[in-house]
Amino acid sequence: MSQLIAGNWKMNGVAAALSEIDALAVSLTDRPAACDVLVCPPATLIERASHVSRNRIALGGQDCHAEISGAFTGDVSAEMLRDAGATAVIVGHSERRQYHGETDAVVAAKAKAAWRAGLTAIICIGETEAERDSGKANDICKSQLAGSVPDGATSANTAIAYEPVWAIGTGKTPTSEEIAQMHAHIKAHIPAGLRILYGGSVKPANAVEILALADVGGALVGGASLKASDFLTIVRACRKSS
Ligand code: PGA
């Protein structure tokens with residue numbers, strides 16, 4: 001399966017930022033990507049982004065509610081994301097777990113909601129720095145997988161994103177050995193064939209090395225996905241599909 005390079009814009013971007021998606025789509029029309037390319041802008045931009053993505057870039061949400069509709073002020077359902085033009089949604093990002101108290105059970109319910117709406121769920125896991133320092137990273141990730149990945153996950157409906165919390169937005173990354181070790185560990189605890197993305201300070205400068213590692217099925221890119229030129233460099237760093 002080809003790699004997946006996914007951009008997570010977080011709470012960044014108003015209409016002016018659509019020019020970045022436009023520029024990326026133009027480049028990928030001139031020279032198609034060797035991987036799947038996904039951008040997850042704020043929900044407010046998904047529909048407008050679909051008008052400039054030229055079918056070269058898939059669009060996704062950054063979170064969804066587990067229910068289809070109802071009295072949940074401020075929330076967005078997976079069906080609404082799908083209606084806006086999304087084909088995927090990130091669930092269980094560490095910022096959602098940290099700032100919104102999302103538990104593994106909540107994340108699993110959101111992943112099922114994504115499937116119900118026909119979206120691919122990108123389920124995020126990852127240890128904190130203290131957990132890594134105390135030698136618990138493997139156990140933490142295994143337990144997050146057990147709690148957050150529902151039965152029924154397949155390569156068609158789910159990808160896992162391994163994002164060590166301490167590497168997100170910090171410029172720090174695990175060593176290549178640590179990434180390869182954790183991806184092998186994750187692979188051993190999920191259904192066969194699921195893509196395992198690495199996320200956390202992926203940049204043009206480190207993308208080639210990270211994307212060449214065994215069991216790395218792509219990248220989830222935050223800060224470096226906001227500029228088309230940086231994101232394109234990461235897209236071009238993907239491994240040719242095997
Ligand atoms: P970063 O964020 O690339 O800015 O570290 C990654 C993420 O949070 O998905």
# chains A, B, ... in the order shown; residues from 1 in each chain; ligands from 1
>>> residues_near_ligand(ligand="ligand 1", cutoff="10 Å", atoms="only C-alpha atoms and all ligand atoms", output="PyMOL selection string")
chain A and resi 6-10+62+90+93-95+124+161-173+198-203+219-226
>>> write_last_selection(atoms="N, CA, C and O atoms", output="short mmCIF file (atom, residue, chain, number, x, y, z; two decimals), in the first residue's frame")
data_model
loop_
_atom_site.label_atom_id
_atom_site.label_comp_id
_atom_site.auth_asym_id
_atom_site.auth_seq_id
_atom_site.Cartn_x
_atom_site.Cartn_y
_atom_site.Cartn_z
N ALA A 6 -0.42 13.07 5.61
CA ALA A 6 -1.60 13.80 6.07
C ALA A 6 -1.17 15.09 6.78
O ALA A 6 -0.27 15.06 7.61
N GLY A 7 -1.81 16.18 6.44
CA GLY A 7 -1.54 17.46 7.09
C GLY A 7 -2.63 17.78 8.10
O GLY A 7 -3.82 17.64 7.81
N ASN A 8 -2.22 18.16 9.29
CA ASN A 8 -3.15 18.54 10.36
C ASN A 8 -2.95 20.02 10.64
O ASN A 8 -1.98 20.41 11.28
N TRP A 9 -3.88 20.82 10.15
CA TRP A 9 -3.73 22.28 10.29
C TRP A 9 -4.08 22.77 11.69
O TRP A 9 -3.84 23.91 12.02
N LYS A 10 -4.69 21.92 12.50
CA LYS A 10 -5.12 22.33 13.84
C LYS A 10 -6.00 23.58 13.72
O LYS A 10 -6.69 23.73 12.72
N GLN A 62 -10.62 17.08 11.81
CA GLN A 62 -9.62 16.91 12.88
C GLN A 62 -10.21 16.24 14.12
O GLN A 62 -9.49 15.90 15.06
N ILE A 90 -9.34 12.70 11.75
CA ILE A 90 -8.40 12.38 12.82
C ILE A 90 -9.22 12.21 14.11
O ILE A 90 -10.08 13.05 14.40
N HIS A 93 -6.48 12.73 18.76
CA HIS A 93 -5.21 13.48 18.79
C HIS A 93 -4.87 13.82 20.24
O HIS A 93 -5.76 14.06 21.05
N SER A 94 -3.60 13.88 20.55
CA SER A 94 -3.23 14.10 21.96
C SER A 94 -3.74 15.44 22.48
O SER A 94 -3.99 15.58 23.67
N GLU A 95 -3.92 16.41 21.58
CA GLU A 95 -4.49 17.69 22.04
C GLU A 95 -5.95 17.52 22.43
O GLU A 95 -6.46 18.22 23.33
N CYS A 124 -5.10 8.38 16.73
CA CYS A 124 -3.80 8.80 17.26
C CYS A 124 -3.52 8.20 18.63
O CYS A 124 -4.41 8.16 19.49
N ALA A 161 -1.96 6.67 13.88
CA ALA A 161 -0.88 7.66 13.89
C ALA A 161 -0.16 7.56 15.23
O ALA A 161 -0.77 7.77 16.29
N TYR A 162 1.12 7.21 15.17
CA TYR A 162 1.94 7.21 16.39
C TYR A 162 2.55 8.59 16.53
O TYR A 162 3.38 9.01 15.72
N GLU A 163 2.11 9.31 17.56
CA GLU A 163 2.59 10.66 17.79
C GLU A 163 3.04 10.80 19.24
O GLU A 163 2.22 11.07 20.14
N PRO A 164 4.35 10.63 19.49
CA PRO A 164 4.81 10.85 20.86
C PRO A 164 4.49 12.29 21.27
O PRO A 164 4.83 13.23 20.55
N VAL A 165 3.81 12.45 22.39
CA VAL A 165 3.32 13.77 22.79
C VAL A 165 4.46 14.79 22.87
O VAL A 165 4.32 15.94 22.47
N TRP A 166 5.61 14.33 23.32
CA TRP A 166 6.75 15.22 23.53
C TRP A 166 7.40 15.65 22.22
O TRP A 166 8.25 16.54 22.20
N ALA A 167 7.01 15.03 21.13
CA ALA A 167 7.58 15.39 19.82
C ALA A 167 6.68 16.34 19.05
O ALA A 167 7.08 16.88 18.01
N ILE A 168 5.47 16.56 19.54
CA ILE A 168 4.50 17.38 18.80
C ILE A 168 4.79 18.86 19.00
O ILE A 168 4.77 19.37 20.12
N GLY A 169 5.12 19.53 17.90
CA GLY A 169 5.34 20.97 17.94
C GLY A 169 6.58 21.40 18.70
O GLY A 169 6.73 22.58 19.05
N THR A 170 7.47 20.48 18.99
CA THR A 170 8.64 20.80 19.82
C THR A 170 9.94 20.83 19.03
O THR A 170 10.95 21.31 19.52
N GLY A 171 9.93 20.28 17.81
CA GLY A 171 11.16 20.14 17.06
C GLY A 171 11.98 18.93 17.49
O GLY A 171 13.00 18.61 16.89
N LYS A 172 11.52 18.24 18.54
CA LYS A 172 12.22 17.03 18.99
C LYS A 172 11.57 15.82 18.34
O LYS A 172 10.35 15.76 18.21
N THR A 173 12.37 14.85 17.94
CA THR A 173 11.81 13.61 17.42
C THR A 173 12.53 12.42 18.08
O THR A 173 13.68 12.56 18.51
N TYR A 198 3.76 8.10 11.26
CA TYR A 198 4.51 8.75 12.34
C TYR A 198 4.14 10.23 12.35
O TYR A 198 4.07 10.87 11.28
N GLY A 199 3.95 10.81 13.53
CA GLY A 199 3.69 12.24 13.65
C GLY A 199 4.44 12.83 14.82
O GLY A 199 4.66 12.17 15.85
N GLY A 200 4.84 14.09 14.67
CA GLY A 200 5.59 14.79 15.71
C GLY A 200 6.84 15.38 15.12
O GLY A 200 7.84 14.68 14.92
N SER A 201 6.76 16.70 14.80
CA SER A 201 7.92 17.44 14.28
C SER A 201 8.48 16.85 12.98
O SER A 201 9.69 16.88 12.76
N VAL A 202 7.59 16.31 12.13
CA VAL A 202 8.03 15.93 10.78
C VAL A 202 8.23 17.22 9.98
O VAL A 202 7.38 18.10 9.98
N LYS A 203 9.39 17.32 9.34
CA LYS A 203 9.78 18.54 8.61
C LYS A 203 10.40 18.12 7.28
O LYS A 203 10.81 16.97 7.13
N ALA A 219 3.02 9.87 7.20
CA ALA A 219 3.29 10.86 8.25
C ALA A 219 2.05 11.70 8.51
O ALA A 219 1.24 11.94 7.60
N LEU A 220 1.90 12.11 9.77
CA LEU A 220 0.89 13.10 10.15
C LEU A 220 1.66 14.36 10.52
O LEU A 220 2.47 14.35 11.45
N VAL A 221 1.44 15.41 9.75
CA VAL A 221 2.30 16.59 9.80
C VAL A 221 1.49 17.78 10.29
O VAL A 221 0.46 18.12 9.70
N GLY A 222 1.95 18.43 11.36
CA GLY A 222 1.27 19.60 11.88
C GLY A 222 1.82 20.87 11.26
O GLY A 222 1.49 21.25 10.14
N GLY A 223 2.71 21.54 11.98
CA GLY A 223 3.23 22.85 11.57
C GLY A 223 3.72 22.91 10.14
O GLY A 223 3.44 23.89 9.42
N ALA A 224 4.42 21.88 9.71
CA ALA A 224 5.01 21.91 8.36
C ALA A 224 3.99 21.62 7.26
O ALA A 224 4.35 21.60 6.09
N SER A 225 2.71 21.44 7.64
CA SER A 225 1.69 21.24 6.59
C SER A 225 1.02 22.56 6.21
O SER A 225 0.23 22.61 5.27
N LEU A 226 1.34 23.62 6.94
CA LEU A 226 0.63 24.89 6.71
C LEU A 226 1.13 25.62 5.46
O LEU A 226 0.40 26.43 4.89
#
>>> residues_around(residues="Ala58 of chain A", least_positions_apart="4", cutoff="7 Å", atoms="only C-alpha atoms", output="list of chain:residue names")
A:Val37, A:Leu38, A:Val39, A:Thr87
>>> write_last_selection(atoms="N, CA and C atoms", output="PDB file, in the first residue's frame")
ATOM      1  N   VAL A  37      -2.356  11.819  -0.465  1.00  0.00           N
ATOM      2  CA  VAL A  37      -2.168  13.120   0.185  1.00  0.00           C
ATOM      3  C   VAL A  37      -3.501  13.561   0.780  1.00  0.00           C
ATOM      4  N   LEU A  38      -3.453  13.926   2.058  1.00  0.00           N
ATOM      5  CA  LEU A  38      -4.663  14.336   2.787  1.00  0.00           C
ATOM      6  C   LEU A  38      -4.354  15.629   3.530  1.00  0.00           C
ATOM      7  N   VAL A  39      -5.271  16.579   3.481  1.00  0.00           N
ATOM      8  CA  VAL A  39      -5.140  17.782   4.301  1.00  0.00           C
ATOM      9  C   VAL A  39      -6.374  17.879   5.189  1.00  0.00           C
ATOM     10  N   THR A  87     -13.148  12.825   3.497  1.00  0.00           N
ATOM     11  CA  THR A  87     -13.137  11.364   3.350  1.00  0.00           C
ATOM     12  C   THR A  87     -12.436  10.701   4.542  1.00  0.00           C
TER      13      THR A  87
END
>>> closest_residue(among="A:Ala117, A:Thr128, A:Asp104, A:Asn138", to="Ile68 of chain A", atoms="only C-alpha atoms")
A:Ala117
>>> select_by_dssp(residues="segment 31-226 of chain A", states="alpha helix (DSSP H)", output="MDAnalysis selection string")
chainID A and resid 43:49 78:84 94:99 104:116 129:133 137:148 176:187 204:211
>>> residues_around(residues="segment 145-156 of chain A", least_positions_apart="6", cutoff="8 Å", atoms="only C-alpha atoms", output="list in words")
Gly92, Asp104, Ala105, Val106, Val107, Ala108, Ala109, Ala111, Lys112, Thr120, Ile123, Ile125, Ile186, His189, Ile190, Pro191, Ala192, Gly193, Leu194 and Arg195 of chain A
>>> closest_residue(among="A:Ala23, A:Met182, A:Ala43, A:Ala121", to="Ile140 of chain A", atoms="only C-alpha atoms")
A:Met182
>>> select_by_dssp(residues="segment 49-81 of chain A", states="strand (DSSP E or B)", output="JSON, numbers by chain")
{"A": [58, 59, 60, 61, 65, 77]}
>>> write_last_selection(atoms="N, CA, C and O atoms", output="tab-separated table (two decimals), in the first residue's frame")
chain	number	residue	atom	x	y	z
A	58	ALA	N	-7.02	14.69	-0.81
A	58	ALA	CA	-8.21	14.34	-0.04
A	58	ALA	C	-8.31	15.28	1.15
A	58	ALA	O	-7.31	15.84	1.60
A	59	LEU	N	-9.52	15.45	1.65
A	59	LEU	CA	-9.74	16.37	2.77
A	59	LEU	C	-10.27	15.61	3.97
A	59	LEU	O	-11.00	14.62	3.81
A	60	GLY	N	-9.91	16.08	5.15
A	60	GLY	CA	-10.35	15.40	6.36
A	60	GLY	C	-10.67	16.37	7.47
A	60	GLY	O	-10.28	17.54	7.44
A	61	GLY	N	-11.40	15.87	8.47
A	61	GLY	CA	-11.66	16.62	9.69
A	61	GLY	C	-10.60	16.31	10.73
A	61	GLY	O	-9.80	15.38	10.57
A	65	HIS	N	-17.84	14.22	16.55
A	65	HIS	CA	-18.64	13.71	17.65
A	65	HIS	C	-19.05	12.28	17.32
A	65	HIS	O	-19.08	11.90	16.15
A	77	SER	N	-20.50	16.34	13.54
A	77	SER	CA	-20.56	14.88	13.38
A	77	SER	C	-19.74	14.43	12.18
A	77	SER	O	-19.43	15.22	11.27
>>> closest_residue(among="A:Ser176, A:Ser50, A:Gln144, A:Asn12", to="Ile160 of chain A", atoms="only C-alpha atoms")
A:Gln144
>>> residues_around(residues="Lys136 of chain A", least_positions_apart="6", cutoff="12 Å", atoms="only C-alpha atoms", output="NGL selection string")
:A and (126-130 or 142-143 or 182)
